[in-house]
Amino acid sequence: MVDASSSAHGDLILKNLTKSFGEFIAVDDLDLVIPEGSFFALLGPSGCGKTTTLRMVAGLEEPTSGTIFIGKSEITYEKPYKRPVNTVFQNYALFPHLSIYENIAFGLRRRGVKNVDDQVQKALDLVELTHLASRKPNQLSGGQQQRIALARAIVNRPALLLLDEPLGALDLKLRRAMQIELKWIQTEVGITFVHVTHDQEEAMTMADTIAVMNEGKIEQMGSPADLYDNPRTSFVANFLGQSNLIKGSILDASGNSAVVDIFGTKIGLPVDRNHAHDSSVLVGIRPEKIRIAPVGTQMNGNILEGGVISDASYIGVSTQYQVEMPWGQELMVFEQNDDGTPPLSKGDPVILSWSPIFTFGLAGDQDVNAGSEAHPEIE
Amino acid sequence: MKQASRWFSRNLIRIYAFLGFAYLFLPIIYTIAFSFNNSTKSNLVWVGFTWNNWLNPCGAPDVCNALGNSLKIGVLATFFATLLGTMMAFAMGRYAFKGRSVVNILIFLPMATPEIVMGASLLTMFISFGFNPGFWTIVIAHVMFCISFVVVTVKARIASLDPRLEQAAMDLYADERETFRRVTFPLVAPGIAAAALLAFSLSFDDFIITNFNSGSVNTFPKFVYISAQRGLPPQANVIGSSMFLIALVIVLLGQFVGRKRAGVR
């Protein structure tokens, strides 16, 4: 039997990991290091290969090529029950014929632990469901089942805990509460969590590091703030939150701030935030970074003139505007309702401005809409 | 008149239900009632009430010998049909192999074949193999026609089993054998139990195939058929009623346990 607590520990290392199903390549030559003790999220739309990656780490899917290491020990072709890895399944997969107590004790018993009671009680305490120990899984609510699934995995103290869309079946309010709780539990137990999700908000709330996956490859990896503020590809810019991407060309990149021409207007782009390979660039700016004002207002920074409001929706904390620009593109602007001025209305001519430091530049040969149609739900 | 028709339309469903149940249960009520009939030769006309038949169920010549044979055959046929059928169901439900869809159709064929034809050809087969028809040829024939029903029943249960439960067991350090023992088997067991009950009742009930392949061995259905020509003893009704009551108790017990398991209180 395996003693998870004494076997392999360390970083999870994926090298050239590939999985193909016939012609379809689900995971494409993936290289990834997930540091021990971190809360890591694999974020992407359905079919991007994130779940397949997780299943290969769990041992439920065999890689076509490549290797998987935990610390110094290779587990690429190890049986699932011989890996120091536990999974929280998407629909929890609690054993319906066993009590909650026996569900949690399952892993300990299989590893030949003699006195399971102490550890099971601790795990139940951790998820605050001690009073439900004798119930059967179908007598529990979705949120409770979710926590039992977590307790059943954590009680084994694996080197690595895999979470496959663990909050997908819960309603919005419960999901928010569980996000905070999961993050707290991870800090408490110090196990490496690898979390697979298509929900960008969920990934950003919990993870230290996020890898955005698309078509079997990692588009970009970094902290939530890094990914949001400085995306490298249009897919990341659109999949994490929303972005305005405007076609432009770089006129001068000699200083700290490049000069970019967008449809006749010159704007500034910090060179260290420019990821274009040549002069063709997509200028990116997040909607909440743009200020909006009636024509004639004095503004500074990057300025775009000639816009007309084509749609305005008041949503309490902010007002969301669609502004049609002279070149036909609609830009999004989110304005905080914090200064007492009445919201602008549809048809008003406006001037837009933003601080150049928020501008990012992407390679100009990409699809402007990549990643935006992949949004599962906009909340 | 108007009031009567309103009463009628309000209670239409109840009347309909009553007639439906009467249709289903009148024959059974007759069976039970006539097990108390104080008849001497033929049990076709009501003579008078008596406990004697129930106090002496083996009173009619050969009835309990036939019943014993039926029970023995039923248990043996159920055991082998359930064992073989369950293994076949697992193979077909869990493994993708070449020709699986053909096997699926072949499994159905014995159910579709007319029993009378099957019985006759089984006898031909046994004789050409040099077997004397008797107890074991009945068992072999019963196992054969029960297997299909077992496979279909167990396979349905396996198909409804979430494969992630087995994956979760493997993830929680259970190897293949432990996973089967702790998760797969307990979850499929109700389907296997249902298949076994079905197999037993099919075997116990069978007359046509048995009649061809039994030689001189008597079974309960065969006993009833033969004695019906001379006058059926009321003991046959006693045994029939008992079987009905036992089945009823099993069904109620199953419902009760199922409810308790599901946590409905």
# chains A, B, ... in the order shown; residues from 1 in each chain; ligands from 1
$ residues_around --residues "Ile32 in chain B" --least-positions-apart "5" --cutoff "10 Å" --atoms "only C-alpha atoms" --output "list in words"
Leu26, Pro27, Asn37, Pro234, Asn237, Val238, Ile239, Gly240, Ser241, Ser242, Phe244 and Leu245 of chain B
$ interface_residues --of "chain A" --to "chain B" --cutoff "6 Å" --atoms "only C-alpha atoms" --output "mmCIF file with N, CA and C atoms, in the first residue's frame"
data_model
loop_
_atom_site.group_PDB
_atom_site.id
_atom_site.type_symbol
_atom_site.label_atom_id
_atom_site.label_comp_id
_atom_site.auth_asym_id
_atom_site.auth_seq_id
_atom_site.Cartn_x
_atom_site.Cartn_y
_atom_site.Cartn_z
ATOM 1 N N PRO A 80 -3.040 5.025 -10.848
ATOM 2 C CA PRO A 80 -3.587 6.128 -10.033
ATOM 3 C C PRO A 80 -3.459 5.886 -8.537
ATOM 4 N N TYR A 81 -3.624 4.601 -8.120
ATOM 5 C CA TYR A 81 -3.606 4.327 -6.684
ATOM 6 C C TYR A 81 -2.203 4.276 -6.104
ATOM 7 N N ASN A 86 -4.467 13.238 -5.048
ATOM 8 C CA ASN A 86 -5.908 12.998 -4.890
ATOM 9 C C ASN A 86 -6.697 14.041 -5.659
ATOM 10 N N ALA A 93 -18.365 12.640 -7.146
ATOM 11 C CA ALA A 93 -18.154 11.192 -7.174
ATOM 12 C C ALA A 93 -18.036 10.601 -5.775
ATOM 13 N N GLY A 107 -9.818 6.358 1.654
ATOM 14 C CA GLY A 107 -8.404 6.407 1.275
ATOM 15 C C GLY A 107 -7.493 5.925 2.385
ATOM 16 N N ARG A 110 -7.676 2.094 2.682
ATOM 17 C CA ARG A 110 -6.999 1.391 1.590
ATOM 18 C C ARG A 110 -5.489 1.437 1.772
#
$ atom_distance --atom1 "CA of Lys155 in chain B" --atom2 "CA of Ala189 in chain B"
11.6 Å
$ select_by_dssp --residues "range 178-305 of chain A" --states "alpha helix (DSSP H)" --output "ChimeraX atom specification"
/A:178-189,200-206,224-229,234-239
$ residues_around --residues "Thr52 in chain A" --least-positions-apart "5" --cutoff "9 Å" --atoms "only C-alpha atoms" --output "number ranges by chain"
A: 19, 26-27, 47, 57, 61
$ residues_around --residues "Thr76 in chain A" --least-positions-apart "4" --cutoff "10 Å" --atoms "only C-alpha atoms" --output "PDB file with N, CA and C atoms, in the first residue's frame"
ATOM      1  N   LEU A  14       5.798  18.999 -15.543  1.00  0.00           N
ATOM      2  CA  LEU A  14       5.335  18.376 -16.781  1.00  0.00           C
ATOM      3  C   LEU A  14       6.325  18.736 -17.877  1.00  0.00           C
ATOM      4  N   LEU A  17       4.612  17.246 -22.379  1.00  0.00           N
ATOM      5  CA  LEU A  17       3.445  16.386 -22.196  1.00  0.00           C
ATOM      6  C   LEU A  17       2.462  16.553 -23.358  1.00  0.00           C
ATOM      7  N   MET A  56      -4.212  13.274 -16.673  1.00  0.00           N
ATOM      8  CA  MET A  56      -2.914  12.619 -16.851  1.00  0.00           C
ATOM      9  C   MET A  56      -2.105  12.684 -15.560  1.00  0.00           C
ATOM     10  N   VAL A  57      -2.213  13.800 -14.837  1.00  0.00           N
ATOM     11  CA  VAL A  57      -1.504  13.928 -13.562  1.00  0.00           C
ATOM     12  C   VAL A  57      -2.097  12.954 -12.539  1.00  0.00           C
ATOM     13  N   ALA A  58      -3.430  12.778 -12.592  1.00  0.00           N
ATOM     14  CA  ALA A  58      -4.101  11.868 -11.654  1.00  0.00           C
ATOM     15  C   ALA A  58      -3.845  10.399 -12.002  1.00  0.00           C
ATOM     16  N   GLY A  59      -3.455  10.127 -13.266  1.00  0.00           N
ATOM     17  CA  GLY A  59      -3.231   8.759 -13.695  1.00  0.00           C
ATOM     18  C   GLY A  59      -4.453   8.127 -14.325  1.00  0.00           C
ATOM     19  N   GLU A  61      -5.576   9.015 -17.253  1.00  0.00           N
ATOM     20  CA  GLU A  61      -5.379   9.092 -18.694  1.00  0.00           C
ATOM     21  C   GLU A  61      -3.877   8.905 -18.924  1.00  0.00           C
ATOM     22  N   GLU A  62      -3.533   8.119 -19.965  1.00  0.00           N
ATOM     23  CA  GLU A  62      -2.113   7.870 -20.206  1.00  0.00           C
ATOM     24  C   GLU A  62      -1.590   8.848 -21.265  1.00  0.00           C
ATOM     25  N   PRO A  63      -0.489   9.538 -20.989  1.00  0.00           N
ATOM     26  CA  PRO A  63       0.034  10.497 -21.974  1.00  0.00           C
ATOM     27  C   PRO A  63       0.475   9.790 -23.250  1.00  0.00           C
ATOM     28  N   SER A  65       2.900  11.151 -25.139  1.00  0.00           N
ATOM     29  CA  SER A  65       4.338  11.270 -24.931  1.00  0.00           C
ATOM     30  C   SER A  65       4.588  12.315 -23.856  1.00  0.00           C
ATOM     31  N   GLY A  66       5.858  12.390 -23.423  1.00  0.00           N
ATOM     32  CA  GLY A  66       6.202  13.341 -22.378  1.00  0.00           C
ATOM     33  C   GLY A  66       6.264  12.689 -21.009  1.00  0.00           C
ATOM     34  N   THR A  67       6.648  13.466 -19.996  1.00  0.00           N
ATOM     35  CA  THR A  67       6.814  12.903 -18.659  1.00  0.00           C
ATOM     36  C   THR A  67       6.163  13.783 -17.602  1.00  0.00           C
ATOM     37  N   ILE A  68       5.841  13.135 -16.470  1.00  0.00           N
ATOM     38  CA  ILE A  68       5.292  13.844 -15.312  1.00  0.00           C
ATOM     39  C   ILE A  68       6.146  13.475 -14.101  1.00  0.00           C
ATOM     40  N   PHE A  69       6.629  14.474 -13.406  1.00  0.00           N
ATOM     41  CA  PHE A  69       7.416  14.260 -12.191  1.00  0.00           C
ATOM     42  C   PHE A  69       6.756  14.971 -11.021  1.00  0.00           C
ATOM     43  N   ILE A  70       6.866  14.342  -9.831  1.00  0.00           N
ATOM     44  CA  ILE A  70       6.614  15.102  -8.604  1.00  0.00           C
ATOM     45  C   ILE A  70       7.939  15.116  -7.866  1.00  0.00           C
ATOM     46  N   ARG A  83      -0.092   6.914  -6.779  1.00  0.00           N
ATOM     47  CA  ARG A  83       0.409   8.286  -6.834  1.00  0.00           C
ATOM     48  C   ARG A  83       0.018   9.047  -5.568  1.00  0.00           C
TER      49      ARG A  83
END
$ residues_around --residues "Ser353 in chain A" --least-positions-apart "3" --cutoff "8 Å" --atoms "only C-alpha atoms" --output "ChimeraX atom specification"
/A:290-292,299-304
$ write_last_selection --atoms "N, CA and C atoms" --output "tab-separated table (two decimals), in the first residue's frame"
chain	number	residue	atom	x	y	z
A	290	ILE	N	-10.63	53.60	-19.02
A	290	ILE	CA	-10.92	54.74	-19.90
A	290	ILE	C	-11.83	55.73	-19.18
A	291	ARG	N	-11.50	57.03	-19.30
A	291	ARG	CA	-12.41	58.06	-18.80
A	291	ARG	C	-13.20	58.60	-19.97
A	292	ILE	N	-14.43	58.97	-19.67
A	292	ILE	CA	-15.32	59.44	-20.74
A	292	ILE	C	-15.86	60.81	-20.33
A	299	MET	N	-8.77	67.06	-21.30
A	299	MET	CA	-8.32	65.75	-20.82
A	299	MET	C	-6.85	65.62	-21.12
A	300	ASN	N	-6.16	64.67	-20.43
A	300	ASN	CA	-4.77	64.40	-20.79
A	300	ASN	C	-4.51	62.91	-20.83
A	301	GLY	N	-3.27	62.57	-21.21
A	301	GLY	CA	-2.94	61.17	-21.43
A	301	GLY	C	-3.21	60.82	-22.89
A	302	ASN	N	-3.57	59.53	-23.12
A	302	ASN	CA	-3.95	59.13	-24.47
A	302	ASN	C	-5.39	59.57	-24.72
A	303	ILE	N	-5.59	60.29	-25.83
A	303	ILE	CA	-6.90	60.86	-26.09
A	303	ILE	C	-7.44	60.38	-27.44
A	304	LEU	N	-8.70	59.93	-27.44
A	304	LEU	CA	-9.37	59.58	-28.70
A	304	LEU	C	-10.59	60.46	-28.83
$ atom_distance --atom1 "CA of Val45 in chain B" --atom2 "CA of Ala60 in chain B"
18.0 Å
$ residues_around --residues "Pro114 in chain B" --least-positions-apart "6" --cutoff "12 Å" --atoms "only C-alpha atoms" --output "MDAnalysis selection string"
chainID B and resid 120:121 145 208:209
$ write_last_selection --atoms "C-alpha atoms" --output "tab-separated table (two decimals), in the first residue's frame"
chain	number	residue	atom	x	y	z
B	120	ALA	CA	-38.38	-29.44	-28.72
B	121	SER	CA	-34.96	-28.67	-30.13
B	145	PHE	CA	-32.95	-19.44	-21.06
B	208	ILE	CA	-43.12	-25.85	-21.73
B	209	ILE	CA	-39.35	-26.38	-21.94
$ closest_residue --among "A:Cys48, A:Ala293, A:Leu282, A:Leu167" --to "Ile25 in chain A" --atoms "only C-alpha atoms"
A:Cys48
$ atom_distance --atom1 "CA of Ala196 in chain B" --atom2 "CA of Leu252 in chain B"
17.0 Å
